[in-house]
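Q: Structure incoming, see below.
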Amino acid sequence: MKILMISPHSSWGGASFANITIAKMLVNCGNEVIYSDEYFPDAEYDGIEINHTPFHRQRSKLKCLFIQYVITSNIDVIMWSPAMALYYIKDILILKRKGVKHFSILHSLSLDRTIKGHVVDFLESIALSVLNGNVYVSNYTLRSWSKYIFIRNSKNIKKVIYNAIKMPEVRVPKECNTSKSKLGFVGRFSTEKQPEMFCQLSKFIGYELHAFGDGHLLNALKTKYPNVYFHGLIKNQEAIYSQIDVLIMTSKFENCPMVILEAMSRGIPCVVPNVGGIPEIVSDKEGVVYDVFDIDVIDKSVKIILNDYTNFSRRCIEKVEHYTYDATSKRWIDFINLLNK
């Protein structure tokens with residue numbers, strides 16, 4: 001199977017990183033993947049060779065040549081982002097008649113929850129309804145997008161496939177010094193992630209705070225919270241999670257966060273908000289799901305985990321087996337086969 005994936009580089013955030021992970025799984029299953037990456041044409045993807053074609057950057061030129069490219073390259077399946085599916089909707093309809101299959105992965109709704117954001121989502125839903133199939137990374141995303149009548153009434157395949165991670169070679173319960181536990185934040189320093197709420201945990205005694213990532217809020221928080229260790233953007237996962245005992249997430253909305261899966265695979269329990277698809281992957285056995293964005297609530301949640309840390313850690317490792325490459329690859333193979341019937 002020859003698959004064209006149109007998605008940016010992982011530095012753009014968790015959704016694109018998850019797409020690259022999907023590309024790796026599809027390659028490992030024997031497919032050929034052409035990954036369209038307009039900004040990082042020379043980037044490497046963890047040893048997996050994925051080609052790069054900058055469709056976005058050359059829109060005016062490639063708009064006319066795109067159909068020809070797909071046909072001459074013998075593309076069997078195209079994975080679109082919702083926005084690009086809307087832009088190329090005429091091409092999609094033409095290529096569908098020529099036997100090319102199309103699908104999209106729905107990681108979230110628009111980040112902009114203003115009227116403009118709702119209008120964009122509505123327009124994208126029109127494009128998504130004409131695809132052969134859509135994959136949702138959580139039941140939450142399926143329900144959210146299904147509120148649009150075009151998707152709800154479309155005949156395309158709708159399937160939930162959670163994100164997957166490459167598991168560490170050694171998976172054993174983690175040990176923790178509960179008298180001086182290390183709490184970690186991993187993500188963008190942006191408004192929707194609410195990193196300052198994590199930094200406020202520095203007022204409590206007994207915690208060592210480590211924050212990983214970058215974004216427009218980073219410099220201001222560095223100045224305001226000198227007791228927090230700000231490590232910046234680090235790509236080496238082991239370097240990140242070796243310094244964390246409990247993962248803290250304070251996002252206003254998420255779906256199937258990669259950082260939660262990465263942490264749990266290393267036996268790291270999570271304190272996470274009850275938003276989006278998070279409750280579908282974290283239960284009270286692997287961490288604490290809190291309902292109120294309050295620093296005291298988060299502090300109490302951390303203490304619940306520290307009082308039974310070994311059991312929480314063990315259950316994290318057991319739970320994350322559902323999200324391995326092997327388990328998730330089978331779901332992707334089933335979806336691709338269903339798409340091509």
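Scheme for the structure tokens: letters A, B, ... for chains in order shown; per-chain residue numbers from 1; ligand numbers from 1 in order shown.
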Write out as a ChimeraX atom specification the residues lying within 10 Å of Ala83 of chain A, counting only C-alpha atoms and excluding same-chain residues fewer than 6 positions away.
A: /A:89,120-121,123-125,127-128
Q: Keeping only all heavy atoms, take the residues you just selected and write them out as an mmCIF file, in the first residue's frame.
A:
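Written output follows (part_1.cif):
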data_model
loop_
_atom_site.group_PDB
_atom_site.id
_atom_site.type_symbol
_atom_site.label_atom_id
_atom_site.label_comp_id
_atom_site.auth_asym_id
_atom_site.auth_seq_id
_atom_site.Cartn_x
_atom_site.Cartn_y
_atom_site.Cartn_z
ATOM 1 N N ILE A 89 -10.786 19.980 -1.493
ATOM 2 C CA ILE A 89 -11.998 19.167 -1.567
ATOM 3 C C ILE A 89 -12.356 18.808 -3.022
ATOM 4 O O ILE A 89 -12.808 17.687 -3.298
ATOM 5 C CB ILE A 89 -13.179 19.890 -0.871
ATOM 6 C CG1 ILE A 89 -14.381 18.936 -0.782
ATOM 7 C CG2 ILE A 89 -13.535 21.192 -1.567
ATOM 8 C CD1 ILE A 89 -15.458 19.439 0.157
ATOM 9 N N VAL A 120 -14.807 27.589 11.337
ATOM 10 C CA VAL A 120 -13.769 26.774 10.690
ATOM 11 C C VAL A 120 -14.080 25.288 10.854
ATOM 12 O O VAL A 120 -14.002 24.504 9.898
ATOM 13 C CB VAL A 120 -12.389 27.105 11.277
ATOM 14 C CG1 VAL A 120 -11.347 26.093 10.793
ATOM 15 C CG2 VAL A 120 -11.960 28.511 10.884
ATOM 16 N N ASP A 121 -14.446 24.881 12.071
ATOM 17 C CA ASP A 121 -14.793 23.478 12.308
ATOM 18 C C ASP A 121 -15.975 23.046 11.447
ATOM 19 O O ASP A 121 -16.004 21.934 10.903
ATOM 20 C CB ASP A 121 -15.131 23.255 13.786
ATOM 21 C CG ASP A 121 -13.901 23.289 14.684
ATOM 22 O OD1 ASP A 121 -12.789 23.132 14.144
ATOM 23 O OD2 ASP A 121 -14.048 23.463 15.894
ATOM 24 N N LEU A 123 -16.931 24.271 8.541
ATOM 25 C CA LEU A 123 -16.502 24.130 7.143
ATOM 26 C C LEU A 123 -15.658 22.871 6.953
ATOM 27 O O LEU A 123 -15.809 22.155 5.957
ATOM 28 C CB LEU A 123 -15.709 25.370 6.717
ATOM 29 C CG LEU A 123 -16.503 26.676 6.637
ATOM 30 C CD1 LEU A 123 -15.588 27.845 6.330
ATOM 31 C CD2 LEU A 123 -17.613 26.582 5.591
ATOM 32 N N GLU A 124 -14.776 22.593 7.909
ATOM 33 C CA GLU A 124 -13.952 21.393 7.812
ATOM 34 C C GLU A 124 -14.816 20.137 7.865
ATOM 35 O O GLU A 124 -14.502 19.131 7.226
ATOM 36 C CB GLU A 124 -12.911 21.374 8.923
ATOM 37 C CG GLU A 124 -11.803 22.406 8.731
ATOM 38 C CD GLU A 124 -10.799 22.417 9.858
ATOM 39 O OE1 GLU A 124 -11.047 21.738 10.887
ATOM 40 O OE2 GLU A 124 -9.757 23.095 9.733
ATOM 41 N N SER A 125 -15.896 20.189 8.622
ATOM 42 C CA SER A 125 -16.772 19.018 8.720
ATOM 43 C C SER A 125 -17.399 18.674 7.375
ATOM 44 O O SER A 125 -17.667 17.509 7.088
ATOM 45 C CB SER A 125 -17.864 19.256 9.768
ATOM 46 O OG SER A 125 -18.853 20.171 9.306
ATOM 47 N N ALA A 127 -15.874 19.034 4.454
ATOM 48 C CA ALA A 127 -14.831 18.315 3.721
ATOM 49 C C ALA A 127 -14.642 16.906 4.263
ATOM 50 O O ALA A 127 -14.513 15.940 3.503
ATOM 51 C CB ALA A 127 -13.515 19.093 3.795
ATOM 52 N N LEU A 128 -14.633 16.765 5.579
ATOM 53 C CA LEU A 128 -14.416 15.456 6.186
ATOM 54 C C LEU A 128 -15.527 14.474 5.844
ATOM 55 O O LEU A 128 -15.308 13.265 5.798
ATOM 56 C CB LEU A 128 -14.296 15.608 7.706
ATOM 57 C CG LEU A 128 -13.071 16.389 8.194
ATOM 58 C CD1 LEU A 128 -13.178 16.670 9.686
ATOM 59 C CD2 LEU A 128 -11.785 15.642 7.893
#
Q: Please return, as number ranges by chain, all residues of segment 209-270 of chain A that DSSP assigns to strand (DSSP E or B) on the basis of the backbone.
A: A: 209-212, 229-232, 246-248, 270
Q: Segment 116-306 of chain A: which residues are alpha helix (DSSP H) by DSSP, as a VMD selection string?
A: chain A and resid 116 to 129 139 to 145 149 to 152 195 to 199 218 to 224 237 to 241 258 to 264 278 to 281 295 to 306
Q: Find the spatial neighbours of Thr21 of chain A, counting only C-alpha atoms, within a cut-off of 8 Å - ignore same-chain residues fewer than 3 positions away - and output them as number ranges by chain.
A: A: 17-18, 24-25, 164-165
Q: Go ahead and save the picked residues with C-alpha atoms, as a PDB file, in the first residue's frame.
A:
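Full text of again-v6.pdb as output:
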ATOM      1  CA  PHE A  17       4.038  13.794  16.586  1.00  0.00           C
ATOM      2  CA  ALA A  18       1.225  11.252  16.874  1.00  0.00           C
ATOM      3  CA  LYS A  24       6.168   4.590  11.519  1.00  0.00           C
ATOM      4  CA  MET A  25       3.651   1.888  12.359  1.00  0.00           C
ATOM      5  CA  ALA A 164       0.335   4.601  20.367  1.00  0.00           C
ATOM      6  CA  ILE A 165       3.852   4.802  21.775  1.00  0.00           C
TER       7      ILE A 165
END
Q: For Asp214 of chain A, work out the shell of residues within 8 Å, counting only C-alpha atoms and skipping chain neighbours fewer than 3 positions away, then give it as a list in words.
A: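 The residues that qualify are Gly187, Arg188, Phe189, Leu217, Leu218, Gly232 and Leu233 of chain A.
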Q: By how many Å are atom CA of Asp334 of chain A and atom CA of Gly133 of chain A apart?
A: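 Taking atom CA of Asp334 of chain A as the start and atom CA of Gly133 of chain A as the end point, the length is 12.6 Å.
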Q: Excluding Thr250 of chain A and residues on its chain fewer than 6 positions from it, collect all residues at most 8 Å away from it, counting only C-alpha atoms, and give them as a count of residues only.
A: 8
Q: Here is a test: counting only C-alpha atoms, which residue of A:Ile115, A:Phe253, A:Gln243, A:Ala220 is nearest to Glu208 of chain A?
A: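 Ranked by minimum distance to Glu208 of chain A, first place goes to A:Gln243.
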Q: So what do you get for atom CA of Thr178 of chain A versus atom CA of Cys256 of chain A, distance-wise?
A: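 Straight-line distance from atom CA of Thr178 of chain A to atom CA of Cys256 of chain A works out to 28.2 Å.
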Q: How many Å separate atom CA of Val297 of chain A from atom CA of His216 of chain A?
A: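 Going from atom CA of Val297 of chain A over to atom CA of His216 of chain A covers 26.5 Å.
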Q: From the set A:Ile240, A:Ile281, A:Cys199, A:Val170, which residue has the shortest atom-to-atom contact distance to Leu221 of chain A, counting only C-alpha atoms?
A: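 Nearest to Leu221 of chain A: A:Cys199.
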